[in-house]
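Trainee: Next up, structure-v4.cif (mmCIF, C-alpha atoms).
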data_start
#
loop_
_atom_site.label_atom_id
_atom_site.label_comp_id
_atom_site.auth_asym_id
_atom_site.auth_seq_id
_atom_site.Cartn_x
_atom_site.Cartn_y
_atom_site.Cartn_z
CA MET C 1 0.00 0.00 0.00
CA ALA C 2 1.03 3.62 -0.53
CA ALA C 3 0.86 6.82 1.45
CA PHE C 4 -0.72 9.63 -0.56
CA VAL C 5 0.22 12.98 1.00
CA PHE C 6 -1.34 16.14 -0.41
CA ASP C 7 -0.64 19.82 -0.56
CA LEU C 8 -3.76 21.83 0.36
CA ASP C 9 -4.05 25.15 -1.49
CA ASP C 10 -4.61 24.80 -5.25
CA THR C 11 -4.37 21.03 -4.95
CA LEU C 12 -7.35 19.85 -2.91
CA TYR C 13 -9.34 23.04 -3.60
CA LYS C 14 -8.77 26.32 -5.47
CA GLU C 15 -7.09 28.93 -3.28
CA TRP C 16 -8.76 31.83 -5.09
CA ASN C 17 -12.03 30.60 -3.58
CA PHE C 18 -10.54 31.19 -0.13
CA VAL C 19 -9.20 34.61 -1.17
CA ALA C 20 -12.61 35.67 -2.48
CA SER C 21 -14.28 34.44 0.70
CA ALA C 22 -11.79 36.35 2.82
CA TYR C 23 -12.31 39.55 0.83
CA ARG C 24 -16.04 39.28 1.36
CA ALA C 25 -15.54 38.88 5.12
CA VAL C 26 -13.20 41.88 5.25
CA ALA C 27 -15.59 43.96 3.14
CA ARG C 28 -18.50 43.15 5.46
CA TYR C 29 -16.43 44.24 8.43
CA MET C 30 -15.51 47.57 6.83
CA SER C 31 -19.08 48.10 5.66
CA GLY C 32 -20.29 47.65 9.24
CA ILE C 33 -18.09 50.55 10.29
CA THR C 34 -18.45 53.01 7.40
CA GLY C 35 -21.73 51.99 5.77
CA ALA C 36 -20.00 51.50 2.41
CA ASP C 37 -21.39 48.99 -0.08
CA PRO C 38 -19.27 45.85 0.46
CA GLU C 39 -19.38 44.56 -3.14
CA PRO C 40 -17.27 47.39 -4.65
CA LEU C 41 -14.81 46.95 -1.78
CA VAL C 42 -14.37 43.27 -2.72
CA ARG C 43 -13.60 44.27 -6.31
CA ILE C 44 -11.15 46.95 -5.18
CA MET C 45 -9.24 44.51 -2.96
CA GLY C 46 -8.97 42.03 -5.79
CA LYS C 47 -7.87 44.62 -8.33
CA HIS C 48 -5.16 46.09 -6.11
CA ARG C 49 -3.82 42.87 -4.57
CA PRO C 50 -1.45 42.73 -2.64
CA LYS C 51 -2.27 46.29 -1.51
CA GLY C 52 -5.99 45.66 -1.64
CA PHE C 53 -6.71 46.54 1.97
CA GLU C 54 -5.02 49.92 1.64
CA ALA C 55 -6.90 50.63 -1.59
CA ALA C 56 -10.24 49.70 -0.02
CA ILE C 57 -9.62 52.00 2.94
CA GLU C 58 -8.64 54.83 0.61
CA ALA C 59 -11.84 54.30 -1.39
CA GLN C 60 -13.82 54.98 1.79
CA ALA C 61 -12.08 58.28 2.56
CA GLY C 62 -14.47 60.74 4.16
CA LEU C 63 -16.95 58.13 5.37
CA PRO C 64 -17.72 58.10 9.10
CA GLY C 65 -15.53 55.73 11.09
CA VAL C 66 -12.98 55.00 8.35
CA GLU C 67 -10.20 56.21 10.63
CA ARG C 68 -10.97 53.27 12.95
CA ILE C 69 -10.12 50.67 10.32
CA ARG C 70 -6.70 49.12 10.94
CA ILE C 71 -4.75 46.93 8.53
CA ASP C 72 -3.85 44.52 11.34
CA ASP C 73 -7.54 43.94 12.03
CA LEU C 74 -8.24 43.27 8.36
CA VAL C 75 -5.36 40.79 8.15
CA TYR C 76 -6.70 38.95 11.20
CA ILE C 77 -10.19 38.73 9.65
CA TYR C 78 -8.68 37.48 6.39
CA ARG C 79 -6.76 34.73 8.16
CA SER C 80 -9.33 33.73 10.77
CA HIS C 81 -12.71 34.00 9.03
CA LEU C 82 -14.81 30.90 8.43
CA PRO C 83 -14.20 30.41 4.71
CA GLU C 84 -16.90 29.74 2.14
CA ILE C 85 -15.07 26.87 0.43
CA SER C 86 -15.89 23.25 -0.34
CA LEU C 87 -14.33 20.16 -1.86
CA ASP C 88 -15.25 19.27 -5.41
CA PRO C 89 -17.15 15.96 -5.37
CA GLU C 90 -14.43 14.48 -7.61
CA VAL C 91 -11.78 15.24 -4.99
CA ALA C 92 -13.82 13.91 -2.06
CA ASP C 93 -14.71 10.73 -3.97
CA THR C 94 -11.08 10.12 -4.94
CA LEU C 95 -9.81 10.54 -1.39
CA ARG C 96 -12.43 8.15 -0.06
CA GLU C 97 -11.66 5.61 -2.80
CA LEU C 98 -7.92 5.76 -2.05
CA ARG C 99 -8.65 5.15 1.61
CA ALA C 100 -11.09 2.34 0.79
CA ARG C 101 -8.34 0.64 -1.21
CA GLY C 102 -6.17 0.60 1.90
CA HIS C 103 -3.88 3.52 1.13
CA SER C 104 -2.86 6.00 3.82
CA LEU C 105 -3.67 9.70 3.43
CA GLY C 106 -1.99 12.84 4.75
CA ILE C 107 -1.53 16.57 4.18
CA ILE C 108 1.61 18.71 4.26
CA THR C 109 0.79 22.41 3.98
CA ASP C 110 2.51 25.70 4.74
CA GLY C 111 0.85 28.40 6.83
CA SER C 112 -0.62 29.08 10.23
CA VAL C 113 -2.48 26.50 12.29
CA LEU C 114 -5.44 28.90 12.54
CA THR C 115 -5.85 29.54 8.81
CA GLN C 116 -4.89 26.15 7.40
CA GLY C 117 -6.65 24.25 10.15
CA THR C 118 -9.87 26.18 9.54
CA LYS C 119 -9.65 25.45 5.80
CA ILE C 120 -9.10 21.74 6.42
CA SER C 121 -12.00 21.57 8.86
CA THR C 122 -14.36 23.54 6.62
CA LEU C 123 -13.52 21.32 3.65
CA GLY C 124 -14.43 18.26 5.72
CA LEU C 125 -10.97 16.77 5.29
CA TYR C 126 -10.68 15.74 8.93
CA ASP C 127 -13.52 13.29 8.19
CA ILE C 128 -11.31 11.60 5.60
CA ILE C 129 -7.74 12.17 6.82
CA ASP C 130 -6.55 11.48 10.36
CA PRO C 131 -5.61 14.70 12.21
CA ASP C 132 -2.26 13.19 13.21
CA ALA C 133 -1.44 12.84 9.50
CA VAL C 134 -1.78 16.58 8.88
CA TRP C 135 1.39 18.68 9.07
CA ILE C 136 0.98 22.46 9.09
CA SER C 137 4.27 24.34 8.94
CA GLU C 138 3.59 26.56 11.96
CA ARG C 139 3.03 23.51 14.14
CA THR C 140 5.68 21.34 12.48
CA GLY C 141 8.34 24.02 12.92
CA GLY C 142 9.38 24.24 9.28
CA ASP C 143 7.83 24.63 5.85
CA LYS C 144 8.21 22.40 2.80
CA THR C 145 11.64 23.82 2.03
CA THR C 146 12.91 22.21 5.26
CA VAL C 147 13.21 18.52 6.09
CA LEU C 148 10.88 18.75 9.10
CA PRO C 149 7.48 17.97 7.55
CA TRP C 150 8.95 15.28 5.32
CA GLN C 151 10.64 13.58 8.26
CA ALA C 152 7.42 13.72 10.26
CA ALA C 153 5.44 12.16 7.42
CA GLU C 154 8.07 9.47 6.89
CA ALA C 155 7.91 8.56 10.58
CA ARG C 156 4.12 8.40 10.46
CA PHE C 157 4.06 6.33 7.26
CA HIS C 158 7.13 4.18 7.93
CA ASP C 159 5.37 0.97 6.86
CA GLU C 160 4.19 2.20 3.44
CA ARG C 161 6.31 0.93 0.55
CA LEU C 162 5.58 4.02 -1.55
CA ARG C 163 5.18 7.64 -0.46
CA ILE C 164 3.54 9.97 -2.96
CA TYR C 165 3.32 13.75 -2.65
CA VAL C 166 0.69 15.53 -4.72
CA GLY C 167 1.06 19.30 -5.15
CA ASP C 168 1.04 22.20 -7.58
CA ASN C 169 3.82 24.64 -6.65
CA LEU C 170 7.17 24.00 -8.32
CA SER C 171 9.02 26.34 -5.97
CA LYS C 172 8.56 24.10 -2.92
CA ASP C 173 6.32 21.08 -3.41
CA PHE C 174 8.65 18.62 -5.11
CA HIS C 175 12.33 19.41 -4.59
CA LEU C 176 12.92 17.90 -1.14
CA ALA C 177 10.37 15.16 -1.71
CA ASN C 178 12.31 14.09 -4.82
CA LEU C 179 15.60 14.16 -2.94
CA ARG C 180 14.13 11.97 -0.20
CA GLY C 181 12.91 9.31 -2.61
CA TRP C 182 9.23 10.17 -2.71
CA HIS C 183 7.23 9.84 -5.88
CA THR C 184 5.95 13.32 -6.77
CA VAL C 185 2.85 14.27 -8.75
CA MET C 186 1.97 17.75 -10.00
CA LEU C 187 -1.70 18.54 -10.52
CA ARG C 188 -1.58 20.53 -13.74
CA ASP C 189 -3.25 23.95 -14.00
CA PRO C 190 -3.91 24.42 -17.73
CA ALA C 191 -6.41 27.23 -17.12
CA GLY C 192 -3.89 29.31 -15.18
CA ALA C 193 -6.29 29.54 -12.23
CA ASN C 194 -3.75 28.91 -9.45
CA VAL C 195 -2.47 31.66 -7.17
CA PHE C 196 1.11 30.74 -8.13
CA PRO C 197 1.43 30.15 -11.90
CA GLN C 198 3.02 26.93 -13.10
CA ARG C 199 5.95 27.41 -15.46
CA PRO C 200 7.85 24.09 -15.41
CA CYS C 201 10.42 25.28 -17.96
CA ASP C 202 11.51 27.97 -15.48
CA TRP C 203 12.60 25.30 -12.99
CA PRO C 204 15.47 22.79 -13.15
CA PRO C 205 14.48 19.12 -13.31
CA GLU C 206 15.04 18.48 -9.61
CA TYR C 207 12.25 20.94 -8.78
CA ARG C 208 9.73 19.29 -11.06
CA ALA C 209 7.36 16.46 -10.21
CA ARG C 210 8.10 13.04 -11.62
CA THR C 211 4.52 12.70 -12.85
CA THR C 212 2.00 15.27 -14.08
CA VAL C 213 -1.75 14.65 -14.04
CA ASP C 214 -4.75 16.68 -15.13
CA SER C 215 -7.10 15.62 -12.34
CA VAL C 216 -7.06 14.13 -8.87
CA THR C 217 -8.93 11.06 -10.10
CA ALA C 218 -5.85 10.09 -12.14
CA LEU C 219 -4.23 9.12 -8.84
CA LEU C 220 -6.44 6.02 -8.77
CA SER C 221 -4.36 4.57 -11.59
CA ILE C 222 -1.00 4.99 -9.83
#
Would you mind writing the file's structure down as structure tokens?

Mentor:
Amino acid sequence: MAAFVFDLDDTLYKEWNFVASAYRAVARYMSGITGADPEPLVRIMGKHRPKGFEAAIEAQAGLPGVERIRIDDLVYIYRSHLPEISLDPEVADTLRELRARGHSLGIITDGSVLTQGTKISTLGLYDIIDPDAVWISERTGGDKTTVLPWQAAEARFHDERLRIYVGDNLSKDFHLANLRGWHTVMLRDPAGANVFPQRPCDWPPEYRARTTVDSVTALLSI
């Protein structure tokens, strides 16, 4: 049997869905203070990313209470809000089928325990993947460019003959996994919808996945 370990953002769900959800939460908060229409604020934040918060505050200049809006508060709302995200049925079905076939499942993801943990819970992934097989960089002590999450996963899945990491980001998802003898799979983004664009030719071979697939269901044939 194999251990299938997944990246989270732009692998198990589309990260832009989280970003849009977060912008809506931030816009509602600002609207509650100034009375501004939240929908234009969402569009402003998206247009001016990564300075979207500053642009949205500037757009409300002169409205009552705008001086009480603080960037730190907006960042906290962005990171801590309950996101409006869900798993595609294809992804959920594939994970359950892999588990039904006797494979082990895990997640290695970078970010804070608050934000990533809330995403994982909202997506219902804790119903499919054991919590002790989820490694979030803040809790693990190192991100995917360090050996720490990979060592932790190897210790957890020491009996599996094959360890497979499924991700999307060439800058950090595959390099160390390749060096450590994992089989790596990149979920291709032909529509260019990911937060971090995929340009395999920009990366040396050691940073690329050994296998590229167009959908999560292709993992059932590995």

Trainee: One number please: CA of Thr115 in chain C to CA of Val166 in chain C, in Å, one decimal.

Mentor: 20.5 Å

Trainee: Find the residues around Thr118 in chain C up to 10 Å (only C-alpha atoms counted), leave out those fewer than 2 positions away in its own chain, and share them as a ChimeraX atom specification.

Mentor: /C:79-83,112-116,120-124

Trainee: To one decimal place, how far is CA of Phe196 in chain C from CA of Arg210 in chain C in Å?

Mentor: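 Pair CA of Phe196 in chain C / CA of Arg210 in chain C returns 19.3 Å.
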
Trainee: Show me, as number ranges by chain, the residues that have an atom within 8 Å of Phe53 in chain C when counting only C-alpha atoms, minus same-chain residues fewer than 3 positions from it.

Mentor: C: 45, 50, 56-57, 71, 74

Trainee: Using all atoms listed in the file, find the one residue out of C:Ala3, C:Asp130, C:Arg101, C:Val26 that sits nearest to Tyr76 in chain C.

Mentor: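 Comparing C:Ala3, C:Asp130, C:Arg101, C:Val26 against Tyr76 in chain C, the winner is C:Val26.
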
Trainee: Env of Lys14 in chain C: 9 Å cut, atoms = only C-alpha atoms, seq-sep filter 2 positions within chain, self excluded. Answer as a PyMOL selection string.

Mentor: chain C and resi 8-12+16-18+85+193-195
